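K.L.:
The following file, data_0.pdb, comprises PDB, C-alpha atoms:
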ATOM      1  CA  MET A   1     -13.472   0.497 -22.031  1.00  0.00           C
ATOM      2  CA  PRO A   2     -16.727  -0.620 -20.337  1.00  0.00           C
ATOM      3  CA  ILE A   3     -17.174  -4.275 -19.519  1.00  0.00           C
ATOM      4  CA  GLU A   4     -20.394  -6.271 -19.453  1.00  0.00           C
ATOM      5  CA  ALA A   5     -21.373  -8.690 -16.702  1.00  0.00           C
ATOM      6  CA  GLY A   6     -24.797 -10.100 -15.894  1.00  0.00           C
ATOM      7  CA  GLY A   7     -26.473  -7.851 -18.481  1.00  0.00           C
ATOM      8  CA  LYS A   8     -25.039  -4.636 -16.991  1.00  0.00           C
ATOM      9  CA  MET A   9     -22.250  -2.407 -18.261  1.00  0.00           C
ATOM     10  CA  TYR A  10     -19.499  -1.227 -15.921  1.00  0.00           C
ATOM     11  CA  GLU A  11     -17.027   1.615 -16.430  1.00  0.00           C
ATOM     12  CA  THR A  12     -13.321   0.804 -16.361  1.00  0.00           C
ATOM     13  CA  ASP A  13     -10.194   2.851 -16.904  1.00  0.00           C
ATOM     14  CA  GLU A  14      -8.011   2.507 -20.011  1.00  0.00           C
ATOM     15  CA  GLU A  15      -6.184  -0.479 -18.504  1.00  0.00           C
ATOM     16  CA  GLY A  16      -9.382  -2.300 -17.614  1.00  0.00           C
ATOM     17  CA  TYR A  17      -9.469  -1.542 -13.869  1.00  0.00           C
ATOM     18  CA  LEU A  18     -12.956  -1.010 -12.502  1.00  0.00           C
ATOM     19  CA  ALA A  19     -13.780   2.695 -12.119  1.00  0.00           C
ATOM     20  CA  ASP A  20     -15.837   2.305  -8.933  1.00  0.00           C
ATOM     21  CA  LEU A  21     -14.877  -0.535  -6.625  1.00  0.00           C
ATOM     22  CA  ASN A  22     -18.349  -0.503  -5.083  1.00  0.00           C
ATOM     23  CA  ASP A  23     -19.652  -1.817  -8.426  1.00  0.00           C
ATOM     24  CA  TRP A  24     -17.772  -5.067  -7.981  1.00  0.00           C
ATOM     25  CA  ASN A  25     -19.448  -8.454  -7.935  1.00  0.00           C
ATOM     26  CA  PRO A  26     -18.163 -11.980  -8.637  1.00  0.00           C
ATOM     27  CA  ASP A  27     -19.754 -12.065 -12.114  1.00  0.00           C
ATOM     28  CA  LEU A  28     -17.671  -9.050 -13.033  1.00  0.00           C
ATOM     29  CA  ALA A  29     -14.472 -10.848 -12.025  1.00  0.00           C
ATOM     30  CA  THR A  30     -15.486 -13.832 -14.157  1.00  0.00           C
ATOM     31  CA  ALA A  31     -16.244 -11.542 -17.112  1.00  0.00           C
ATOM     32  CA  MET A  32     -12.895  -9.744 -16.784  1.00  0.00           C
ATOM     33  CA  ALA A  33     -11.063 -13.067 -16.659  1.00  0.00           C
ATOM     34  CA  LYS A  34     -12.952 -14.335 -19.690  1.00  0.00           C
ATOM     35  CA  ALA A  35     -11.918 -11.215 -21.624  1.00  0.00           C
ATOM     36  CA  ASP A  36      -8.306 -12.201 -20.845  1.00  0.00           C
ATOM     37  CA  GLY A  37      -9.014 -15.797 -21.913  1.00  0.00           C
ATOM     38  CA  ALA A  38      -8.849 -17.166 -18.361  1.00  0.00           C
ATOM     39  CA  ASP A  39     -11.215 -19.259 -16.234  1.00  0.00           C
ATOM     40  CA  LEU A  40     -11.279 -18.652 -12.497  1.00  0.00           C
ATOM     41  CA  ASP A  41     -11.052 -21.658 -10.193  1.00  0.00           C
ATOM     42  CA  GLU A  42     -11.120 -21.782  -6.402  1.00  0.00           C
ATOM     43  CA  ASN A  43      -7.414 -20.973  -6.178  1.00  0.00           C
ATOM     44  CA  HIS A  44      -7.977 -17.747  -8.097  1.00  0.00           C
ATOM     45  CA  TRP A  45     -10.926 -16.854  -5.890  1.00  0.00           C
ATOM     46  CA  GLU A  46      -8.852 -17.401  -2.786  1.00  0.00           C
ATOM     47  CA  VAL A  47      -6.431 -14.708  -3.951  1.00  0.00           C
ATOM     48  CA  ILE A  48      -9.152 -12.376  -5.231  1.00  0.00           C
ATOM     49  CA  ASN A  49     -11.047 -12.564  -1.946  1.00  0.00           C
ATOM     50  CA  PHE A  50      -7.833 -12.056  -0.040  1.00  0.00           C
ATOM     51  CA  LEU A  51      -7.128  -8.881  -2.028  1.00  0.00           C
ATOM     52  CA  ARG A  52     -10.578  -7.499  -1.334  1.00  0.00           C
ATOM     53  CA  GLU A  53     -10.083  -8.085   2.381  1.00  0.00           C
ATOM     54  CA  TYR A  54      -6.644  -6.453   2.238  1.00  0.00           C
ATOM     55  CA  TYR A  55      -8.075  -3.400   0.510  1.00  0.00           C
ATOM     56  CA  GLU A  56     -10.907  -3.200   3.015  1.00  0.00           C
ATOM     57  CA  GLU A  57      -8.391  -3.154   5.859  1.00  0.00           C
ATOM     58  CA  TYR A  58      -5.646  -0.925   4.447  1.00  0.00           C
ATOM     59  CA  GLN A  59      -7.318   1.071   1.656  1.00  0.00           C
ATOM     60  CA  ILE A  60      -4.600   0.172  -0.847  1.00  0.00           C
ATOM     61  CA  ALA A  61      -3.885  -2.662  -3.229  1.00  0.00           C
ATOM     62  CA  PRO A  62      -0.713  -4.418  -2.059  1.00  0.00           C
ATOM     63  CA  ALA A  63       2.489  -4.573  -4.070  1.00  0.00           C
ATOM     64  CA  VAL A  64       3.253  -8.062  -5.360  1.00  0.00           C
ATOM     65  CA  ARG A  65       5.990  -8.697  -2.783  1.00  0.00           C
ATOM     66  CA  VAL A  66       3.660  -7.740   0.035  1.00  0.00           C
ATOM     67  CA  LEU A  67       0.839  -9.809  -1.412  1.00  0.00           C
ATOM     68  CA  THR A  68       3.090 -12.863  -1.670  1.00  0.00           C
ATOM     69  CA  LYS A  69       4.216 -12.541   1.927  1.00  0.00           C
ATOM     70  CA  ALA A  70       0.698 -11.955   3.240  1.00  0.00           C
ATOM     71  CA  ILE A  71      -0.727 -14.899   1.284  1.00  0.00           C
ATOM     72  CA  GLY A  72       2.019 -17.096   2.731  1.00  0.00           C
ATOM     73  CA  LYS A  73       1.072 -16.016   6.227  1.00  0.00           C
ATOM     74  CA  LYS A  74      -2.587 -16.748   5.663  1.00  0.00           C
ATOM     75  CA  LEU A  75      -2.662 -19.714   3.282  1.00  0.00           C
ATOM     76  CA  GLY A  76       0.721 -21.345   3.869  1.00  0.00           C
ATOM     77  CA  PRO A  77       4.086 -21.434   2.063  1.00  0.00           C
ATOM     78  CA  ASP A  78       2.719 -23.626  -0.777  1.00  0.00           C
ATOM     79  CA  LYS A  79       0.715 -20.623  -1.922  1.00  0.00           C
ATOM     80  CA  GLY A  80       2.797 -17.770  -0.566  1.00  0.00           C
ATOM     81  CA  ASN A  81       5.398 -17.892  -3.292  1.00  0.00           C
ATOM     82  CA  SER A  82       5.806 -16.012  -6.540  1.00  0.00           C
ATOM     83  CA  LYS A  83       5.838 -19.091  -8.742  1.00  0.00           C
ATOM     84  CA  TYR A  84       2.442 -20.284  -7.548  1.00  0.00           C
ATOM     85  CA  LEU A  85       0.924 -16.819  -7.888  1.00  0.00           C
ATOM     86  CA  TYR A  86       2.396 -16.230 -11.352  1.00  0.00           C
ATOM     87  CA  GLU A  87       0.981 -19.551 -12.501  1.00  0.00           C
ATOM     88  CA  LEU A  88      -2.470 -18.430 -11.364  1.00  0.00           C
ATOM     89  CA  PHE A  89      -2.093 -14.912 -12.722  1.00  0.00           C
ATOM     90  CA  PRO A  90       0.457 -14.899 -15.537  1.00  0.00           C
ATOM     91  CA  TYR A  91       0.078 -11.148 -16.193  1.00  0.00           C
ATOM     92  CA  GLY A  92       1.477 -10.448 -12.723  1.00  0.00           C
ATOM     93  CA  PRO A  93      -0.331 -11.550  -9.581  1.00  0.00           C
ATOM     94  CA  ALA A  94      -0.878  -8.141  -8.038  1.00  0.00           C
ATOM     95  CA  LYS A  95      -1.836  -6.445 -11.274  1.00  0.00           C
ATOM     96  CA  GLN A  96      -4.108  -9.086 -12.738  1.00  0.00           C
ATOM     97  CA  ALA A  97      -5.709 -10.314  -9.522  1.00  0.00           C
ATOM     98  CA  CYS A  98      -6.338  -6.738  -8.375  1.00  0.00           C
ATOM     99  CA  LYS A  99      -8.115  -6.046 -11.626  1.00  0.00           C
ATOM    100  CA  TYR A 100     -10.431  -9.021 -11.179  1.00  0.00           C
ATOM    101  CA  ALA A 101     -10.993  -7.986  -7.555  1.00  0.00           C
ATOM    102  CA  GLY A 102     -12.177  -4.569  -8.724  1.00  0.00           C
ATOM    103  CA  LEU A 103      -9.320  -2.724  -7.007  1.00  0.00           C
ATOM    104  CA  PRO A 104      -7.226   0.082  -8.424  1.00  0.00           C
ATOM    105  CA  LYS A 105      -3.858  -0.796  -9.918  1.00  0.00           C
ATOM    106  CA  PRO A 106      -1.448  -1.439  -7.050  1.00  0.00           C
ATOM    107  CA  THR A 107       0.855   1.377  -6.049  1.00  0.00           C
ATOM    108  CA  GLY A 108       4.302   0.556  -7.365  1.00  0.00           C
ATOM    109  CA  CYS A 109       3.103  -2.655  -8.912  1.00  0.00           C
ATOM    110  CA  VAL A 110       5.059  -4.878 -11.277  1.00  0.00           C
TER     111      VAL A 110
ATOM    112  CA  MET B   1      16.482 -13.903 -19.283  1.00  0.00           C
ATOM    113  CA  SER B   2      15.395 -14.432 -15.730  1.00  0.00           C
ATOM    114  CA  GLU B   3      11.877 -15.569 -14.909  1.00  0.00           C
ATOM    115  CA  PRO B   4       9.560 -12.884 -13.548  1.00  0.00           C
ATOM    116  CA  TRP B   5       9.369 -14.532 -10.120  1.00  0.00           C
ATOM    117  CA  GLU B   6      13.112 -14.621  -9.640  1.00  0.00           C
ATOM    118  CA  GLU B   7      14.128 -11.713  -7.491  1.00  0.00           C
ATOM    119  CA  GLU B   8      17.078  -9.572  -8.290  1.00  0.00           C
ATOM    120  CA  GLY B   9      19.440  -8.522  -5.556  1.00  0.00           C
ATOM    121  CA  PRO B  10      18.906  -5.130  -4.000  1.00  0.00           C
ATOM    122  CA  GLY B  11      22.324  -3.764  -5.024  1.00  0.00           C
ATOM    123  CA  THR B  12      23.546  -0.895  -2.888  1.00  0.00           C
ATOM    124  CA  ILE B  13      21.279  -0.185   0.047  1.00  0.00           C
ATOM    125  CA  LYS B  14      20.894   3.481   0.912  1.00  0.00           C
ATOM    126  CA  LYS B  15      19.269   5.076   3.905  1.00  0.00           C
ATOM    127  CA  PHE B  16      16.182   6.989   2.850  1.00  0.00           C
ATOM    128  CA  MET B  17      14.279   9.181   5.253  1.00  0.00           C
ATOM    129  CA  TYR B  18      10.918  10.665   4.355  1.00  0.00           C
ATOM    130  CA  VAL B  19      10.258  13.756   6.431  1.00  0.00           C
ATOM    131  CA  ASN B  20       6.614  14.686   6.904  1.00  0.00           C
ATOM    132  CA  ARG B  21       5.803  18.148   8.228  1.00  0.00           C
ATOM    133  CA  LYS B  22       2.281  18.869   7.022  1.00  0.00           C
ATOM    134  CA  ALA B  23      -1.221  18.024   8.235  1.00  0.00           C
ATOM    135  CA  PRO B  24      -2.744  15.008   6.435  1.00  0.00           C
ATOM    136  CA  TYR B  25      -5.494  16.814   4.561  1.00  0.00           C
ATOM    137  CA  GLY B  26      -5.702  20.221   2.927  1.00  0.00           C
ATOM    138  CA  THR B  27      -2.644  19.548   0.814  1.00  0.00           C
ATOM    139  CA  ILE B  28      -1.601  16.463  -1.114  1.00  0.00           C
ATOM    140  CA  TYR B  29       1.818  16.192   0.578  1.00  0.00           C
ATOM    141  CA  ALA B  30       0.987  13.524   3.171  1.00  0.00           C
ATOM    142  CA  LEU B  31      -0.687  11.161   0.729  1.00  0.00           C
ATOM    143  CA  GLU B  32       2.031  11.666  -1.881  1.00  0.00           C
ATOM    144  CA  SER B  33       4.718  10.933   0.688  1.00  0.00           C
ATOM    145  CA  LEU B  34       2.960   7.760   1.764  1.00  0.00           C
ATOM    146  CA  GLU B  35       2.614   6.583  -1.836  1.00  0.00           C
ATOM    147  CA  VAL B  36       6.263   7.280  -2.604  1.00  0.00           C
ATOM    148  CA  VAL B  37       7.279   5.349   0.512  1.00  0.00           C
ATOM    149  CA  LEU B  38       5.177   2.371  -0.546  1.00  0.00           C
ATOM    150  CA  ILE B  39       6.693   2.428  -4.023  1.00  0.00           C
ATOM    151  CA  ALA B  40      10.244   2.871  -2.741  1.00  0.00           C
ATOM    152  CA  ALA B  41       9.758  -0.037  -0.329  1.00  0.00           C
ATOM    153  CA  ALA B  42       9.739  -2.362  -3.347  1.00  0.00           C
ATOM    154  CA  PHE B  43      13.380  -1.432  -4.010  1.00  0.00           C
ATOM    155  CA  GLU B  44      14.539  -2.880  -0.709  1.00  0.00           C
ATOM    156  CA  GLN B  45      16.208   0.236   0.593  1.00  0.00           C
ATOM    157  CA  ASP B  46      16.605   1.194   4.235  1.00  0.00           C
ATOM    158  CA  VAL B  47      13.501   3.346   4.592  1.00  0.00           C
ATOM    159  CA  SER B  48      12.349   5.389   7.553  1.00  0.00           C
ATOM    160  CA  MET B  49       9.720   8.048   8.036  1.00  0.00           C
ATOM    161  CA  ALA B  50       9.876  11.027  10.348  1.00  0.00           C
ATOM    162  CA  PHE B  51       6.882  13.032  11.510  1.00  0.00           C
ATOM    163  CA  LEU B  52       7.455  16.588  12.700  1.00  0.00           C
ATOM    164  CA  ASP B  53       5.469  19.797  13.140  1.00  0.00           C
ATOM    165  CA  ASP B  54       1.892  19.348  11.847  1.00  0.00           C
ATOM    166  CA  GLY B  55       3.085  16.104  10.236  1.00  0.00           C
ATOM    167  CA  VAL B  56       2.387  14.358  13.544  1.00  0.00           C
ATOM    168  CA  TYR B  57      -1.326  14.755  12.789  1.00  0.00           C
ATOM    169  CA  GLN B  58      -0.879  12.275   9.932  1.00  0.00           C
ATOM    170  CA  LEU B  59      -0.674   9.499  12.525  1.00  0.00           C
ATOM    171  CA  LYS B  60      -3.464  10.773  14.748  1.00  0.00           C
ATOM    172  CA  LYS B  61      -6.186   8.230  15.478  1.00  0.00           C
ATOM    173  CA  GLY B  62      -9.851   8.829  14.731  1.00  0.00           C
ATOM    174  CA  GLN B  63      -9.704  10.899  11.529  1.00  0.00           C
ATOM    175  CA  ASP B  64     -13.029  11.449   9.829  1.00  0.00           C
ATOM    176  CA  THR B  65     -12.771  12.789   6.284  1.00  0.00           C
ATOM    177  CA  GLN B  66     -16.419  12.525   5.261  1.00  0.00           C
ATOM    178  CA  GLY B  67     -16.974  16.263   5.562  1.00  0.00           C
ATOM    179  CA  ILE B  68     -14.236  17.096   3.045  1.00  0.00           C
ATOM    180  CA  GLY B  69     -15.039  14.320   0.576  1.00  0.00           C
ATOM    181  CA  MET B  70     -11.554  12.812   0.643  1.00  0.00           C
ATOM    182  CA  LYS B  71     -10.586   9.207   1.140  1.00  0.00           C
ATOM    183  CA  ASN B  72      -9.416   8.574   4.694  1.00  0.00           C
ATOM    184  CA  PHE B  73      -5.959   7.090   4.205  1.00  0.00           C
ATOM    185  CA  SER B  74      -5.197   6.506   7.894  1.00  0.00           C
ATOM    186  CA  PRO B  75      -5.590   2.707   7.511  1.00  0.00           C
ATOM    187  CA  THR B  76      -2.776   2.729   4.957  1.00  0.00           C
ATOM    188  CA  TYR B  77      -0.215   3.680   7.630  1.00  0.00           C
ATOM    189  CA  ARG B  78      -1.002   0.328   9.213  1.00  0.00           C
ATOM    190  CA  ALA B  79       0.044  -1.381   5.957  1.00  0.00           C
ATOM    191  CA  LEU B  80       3.593  -0.005   6.229  1.00  0.00           C
ATOM    192  CA  GLU B  81       4.677  -2.866   8.463  1.00  0.00           C
ATOM    193  CA  GLY B  82       3.799  -5.355   5.717  1.00  0.00           C
ATOM    194  CA  TYR B  83       6.038  -3.325   3.397  1.00  0.00           C
ATOM    195  CA  ASP B  84       8.871  -3.668   5.937  1.00  0.00           C
ATOM    196  CA  VAL B  85       8.753   0.038   6.694  1.00  0.00           C
ATOM    197  CA  GLU B  86       8.989  -0.238  10.437  1.00  0.00           C
ATOM    198  CA  LYS B  87      11.051   2.787  11.387  1.00  0.00           C
ATOM    199  CA  LEU B  88       8.613   5.563  12.134  1.00  0.00           C
ATOM    200  CA  TYR B  89      10.035   8.423  14.159  1.00  0.00           C
ATOM    201  CA  VAL B  90       7.927  11.098  15.768  1.00  0.00           C
ATOM    202  CA  GLU B  91       9.419  14.233  17.247  1.00  0.00           C
ATOM    203  CA  ALA B  92       8.549  14.541  20.927  1.00  0.00           C
ATOM    204  CA  GLU B  93       8.440  18.351  20.896  1.00  0.00           C
ATOM    205  CA  SER B  94       5.986  18.435  17.985  1.00  0.00           C
ATOM    206  CA  LEU B  95       3.670  16.039  19.815  1.00  0.00           C
ATOM    207  CA  ALA B  96       3.868  17.977  23.070  1.00  0.00           C
ATOM    208  CA  GLU B  97       3.284  21.357  21.372  1.00  0.00           C
ATOM    209  CA  ARG B  98       0.030  19.972  19.986  1.00  0.00           C
ATOM    210  CA  GLY B  99      -1.134  18.362  23.222  1.00  0.00           C
ATOM    211  CA  LEU B 100      -0.684  14.872  21.799  1.00  0.00           C
ATOM    212  CA  SER B 101       0.966  11.768  23.186  1.00  0.00           C
ATOM    213  CA  GLU B 102       2.028   8.419  21.774  1.00  0.00           C
ATOM    214  CA  ASP B 103      -1.373   6.975  22.764  1.00  0.00           C
ATOM    215  CA  ASP B 104      -3.055   9.269  20.231  1.00  0.00           C
ATOM    216  CA  LEU B 105      -1.208   7.647  17.343  1.00  0.00           C
ATOM    217  CA  LEU B 106      -2.542   4.820  15.213  1.00  0.00           C
ATOM    218  CA  VAL B 107       0.669   2.838  14.693  1.00  0.00           C
ATOM    219  CA  PRO B 108       3.636   1.982  16.914  1.00  0.00           C
ATOM    220  CA  VAL B 109       6.320   4.657  16.590  1.00  0.00           C
ATOM    221  CA  GLU B 110       9.537   5.714  18.204  1.00  0.00           C
ATOM    222  CA  VAL B 111       9.179   9.096  19.860  1.00  0.00           C
ATOM    223  CA  MET B 112      12.457  10.993  20.025  1.00  0.00           C
ATOM    224  CA  GLY B 113      13.656  14.447  20.931  1.00  0.00           C
ATOM    225  CA  ARG B 114      14.553  17.120  18.390  1.00  0.00           C
ATOM    226  CA  GLU B 115      18.289  16.716  18.860  1.00  0.00           C
ATOM    227  CA  ALA B 116      18.277  12.929  18.512  1.00  0.00           C
ATOM    228  CA  LEU B 117      16.169  13.203  15.390  1.00  0.00           C
ATOM    229  CA  ALA B 118      18.556  15.779  13.932  1.00  0.00           C
ATOM    230  CA  GLU B 119      21.421  13.351  14.486  1.00  0.00           C
ATOM    231  CA  LEU B 120      19.456  10.599  12.785  1.00  0.00           C
ATOM    232  CA  MET B 121      18.839  12.863   9.795  1.00  0.00           C
ATOM    233  CA  ASP B 122      22.569  13.442   9.618  1.00  0.00           C
ATOM    234  CA  GLU B 123      23.140   9.709   9.093  1.00  0.00           C
ATOM    235  CA  GLN B 124      20.842   9.474   6.059  1.00  0.00           C
ATOM    236  CA  ASP B 125      21.999   9.139   2.463  1.00  0.00           C
ATOM    237  CA  VAL B 126      18.803  10.658   1.114  1.00  0.00           C
ATOM    238  CA  ILE B 127      16.222  12.887   2.782  1.00  0.00           C
ATOM    239  CA  LEU B 128      12.953  13.605   1.040  1.00  0.00           C
ATOM    240  CA  SER B 129      10.913  16.366   2.575  1.00  0.00           C
ATOM    241  CA  PHE B 130       7.143  16.586   2.239  1.00  0.00           C
TER     242      PHE B 130
END
Take the structure from the file and write it as structure tokens.

P.N.:
Amino acid sequence: MPIEAGGKMYETDEEGYLADLNDWNPDLATAMAKADGADLDENHWEVINFLREYYEEYQIAPAVRVLTKAIGKKLGPDKGNSKYLYELFPYGPAKQACKYAGLPKPTGCV
Amino acid sequence: MSEPWEEEGPGTIKKFMYVNRKAPYGTIYALESLEVVLIAAAFEQDVSMAFLDDGVYQLKKGQDTQGIGMKNFSPTYRALEGYDVEKLYVEAESLAERGLSEDDLLVPVEVMGREALAELMDEQDVILSF
């Protein structure tokens, strides 16, 4: 189902993941979140930007366990725990945050 | 009902070895193996990977896949450490036969001789060959 952001339409797969990750822009993330009834604050952006950097480096979307550990390393133990990440992204931190970040669904994701 | 962030115990831990014998591109084996390893890592098993024959090319530095229109998945081998997959074994004979050395590889590995690797395979509970 295509999604609209900033007056443009973008292709997604049947689960709402962006078809071409080069299409991504912050407005698109905001639009995807809005469609899920969520507003993105700076804590969400921190995770979304982290995921984009991770993908850039490793060419995969991390599994939730790996994401949690890596966030902890970078942003501290307050944020590197499942409870914090599930509060930000109740549909599953890897799955939902990856979607907003324009990445494919994580391999072996929860 | 447990909360989604509460982790369940790993249960019985088995030794899984993923044996890679094919060149990275041209067939889907290498990429499939890597994806299965990344998925299996979530189940907290004792996972190792072995690279033999043309499989050693999977870890070769400096791949350029532009000409064949495939995604270069070399960087993903560097993600394995974050998945706690740290046991990567490369067969010394396979490297030598192809004029390669450990310095040509993109991640830290343990290079071992054919016999030692055969013994290690003997200790595994599960061997998956790609």

K.L.:
Please measure the separation of CA of Tyr18 (chain B) and CA of Ser94 (chain B), giving the value in Å to one decimal.

P.N.:
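A separation of 16.4 Å between them.
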
K.L.:
Can you work out which one of B:Tyr25, B:Ile39, B:Val47, B:Asp53 has the shortest atom-to-atom distance to Gln124 (chain B), counting all atoms listed in the file?

P.N.:
B:Val47

K.L.:
Could you state which residues are captured by the ChimeraX specification (/A :<10) & /B in this file, as a ChimeraX atom specification?

P.N.:
/B:3-7,35-43,71-84

K.L.:
I need the chosen residues saved as an mmCIF file, keeping the file's coordinate frame, with C-alpha atoms.

P.N.:
data_model
loop_
_atom_site.group_PDB
_atom_site.id
_atom_site.type_symbol
_atom_site.label_atom_id
_atom_site.label_comp_id
_atom_site.auth_asym_id
_atom_site.auth_seq_id
_atom_site.Cartn_x
_atom_site.Cartn_y
_atom_site.Cartn_z
ATOM 1 C CA GLU B 3 11.877 -15.569 -14.909
ATOM 2 C CA PRO B 4 9.560 -12.884 -13.548
ATOM 3 C CA TRP B 5 9.369 -14.532 -10.120
ATOM 4 C CA GLU B 6 13.112 -14.621 -9.640
ATOM 5 C CA GLU B 7 14.128 -11.713 -7.491
ATOM 6 C CA GLU B 35 2.614 6.583 -1.836
ATOM 7 C CA VAL B 36 6.263 7.280 -2.604
ATOM 8 C CA VAL B 37 7.279 5.349 0.512
ATOM 9 C CA LEU B 38 5.177 2.371 -0.546
ATOM 10 C CA ILE B 39 6.693 2.428 -4.023
ATOM 11 C CA ALA B 40 10.244 2.871 -2.741
ATOM 12 C CA ALA B 41 9.758 -0.037 -0.329
ATOM 13 C CA ALA B 42 9.739 -2.362 -3.347
ATOM 14 C CA PHE B 43 13.380 -1.432 -4.010
ATOM 15 C CA LYS B 71 -10.586 9.207 1.140
ATOM 16 C CA ASN B 72 -9.416 8.574 4.694
ATOM 17 C CA PHE B 73 -5.959 7.090 4.205
ATOM 18 C CA SER B 74 -5.197 6.506 7.894
ATOM 19 C CA PRO B 75 -5.590 2.707 7.511
ATOM 20 C CA THR B 76 -2.776 2.729 4.957
ATOM 21 C CA TYR B 77 -0.215 3.680 7.630
ATOM 22 C CA ARG B 78 -1.002 0.328 9.213
ATOM 23 C CA ALA B 79 0.044 -1.381 5.957
ATOM 24 C CA LEU B 80 3.593 -0.005 6.229
ATOM 25 C CA GLU B 81 4.677 -2.866 8.463
ATOM 26 C CA GLY B 82 3.799 -5.355 5.717
ATOM 27 C CA TYR B 83 6.038 -3.325 3.397
ATOM 28 C CA ASP B 84 8.871 -3.668 5.937
#

K.L.:
Using all atoms of region 63-69 of chain A listed in the file and a margin of 8 Å per side, can you give the axis-aligned box centre and edge lengths in Å to one decimal, as JSON?

P.N.:
{"center_x": 3.4, "center_y": -8.7, "center_z": -1.7, "size_x": 21.2, "size_y": 24.3, "size_z": 23.3}

K.L.:
My list of candidates is B:Gln45, B:Ser129, B:Asn20, B:Thr27. Which is closest to Gln58 (chain B) when distances are computed with all atoms listed in the file?

P.N.:
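Between B:Gln45, B:Ser129, B:Asn20, B:Thr27, the residue approaching Gln58 (chain B) most closely is B:Asn20.
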
K.L.:
Could you list, as number ranges by chain, every residue matched by the PyMOL selection byres ((chain B and resi 95) around 9) in this structure?

P.N.:
B: 52-54, 56-57, 90-94, 96-102, 111

K.L.:
Work out how far CA of Trp24 (chain A) is from CA of Tyr10 (chain A), in Å to one decimal.

P.N.:
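Taking CA of Tyr10 (chain A) and CA of Trp24 (chain A), their separation equals 9.0 Å.
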
K.L.:
Restricting the calculation to all atoms listed in the file: of A:Gly80, A:Pro2, A:Gly16, A:Gly102, which residue gets closest to Arg52 (chain A)?

P.N.:
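Checking each of A:Gly80, A:Pro2, A:Gly16, A:Gly102 against Arg52 (chain A), counting all atoms listed in the file, the winner is A:Gly102.
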
K.L.:
What does the structure give for the distance between CA of Ile28 (chain B) and CA of Ile127 (chain B), in Å to one decimal?

P.N.:
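Going from CA of Ile28 (chain B) over to CA of Ile127 (chain B), I get 18.6 Å.
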
K.L.:
Give me the result of the PyMOL selection byres ((chain A and resi 15) around 10) on this file, residue by residue, as a list in words.

P.N.:
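With the shown file as input, the PyMOL selection byres ((chain A and resi 15) around 10) matches Met1, Thr12, Asp13, Glu14, Gly16, Tyr17, Leu18, Lys99 and Lys105 of chain A.
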
K.L.:
Tell me which protein, DNA and RNA residues are within 10 Å of Phe89 (chain A), counting all atoms listed in the file, leaving out same-chain ones fewer than 4 positions away, and put them as JSON, numbers by chain.

P.N.:
{"A": [33, 38, 40, 44, 47, 83, 84, 85, 93, 94, 95, 96, 97]}

K.L.:
Could you check which residues have any atom within 7 Å of (17.4, 3.0, 4.0), counting only C-alpha atoms with coordinates taken straight from the file, and then list them as a ChimeraX atom specification?

P.N.:
/B:13-16,45-48
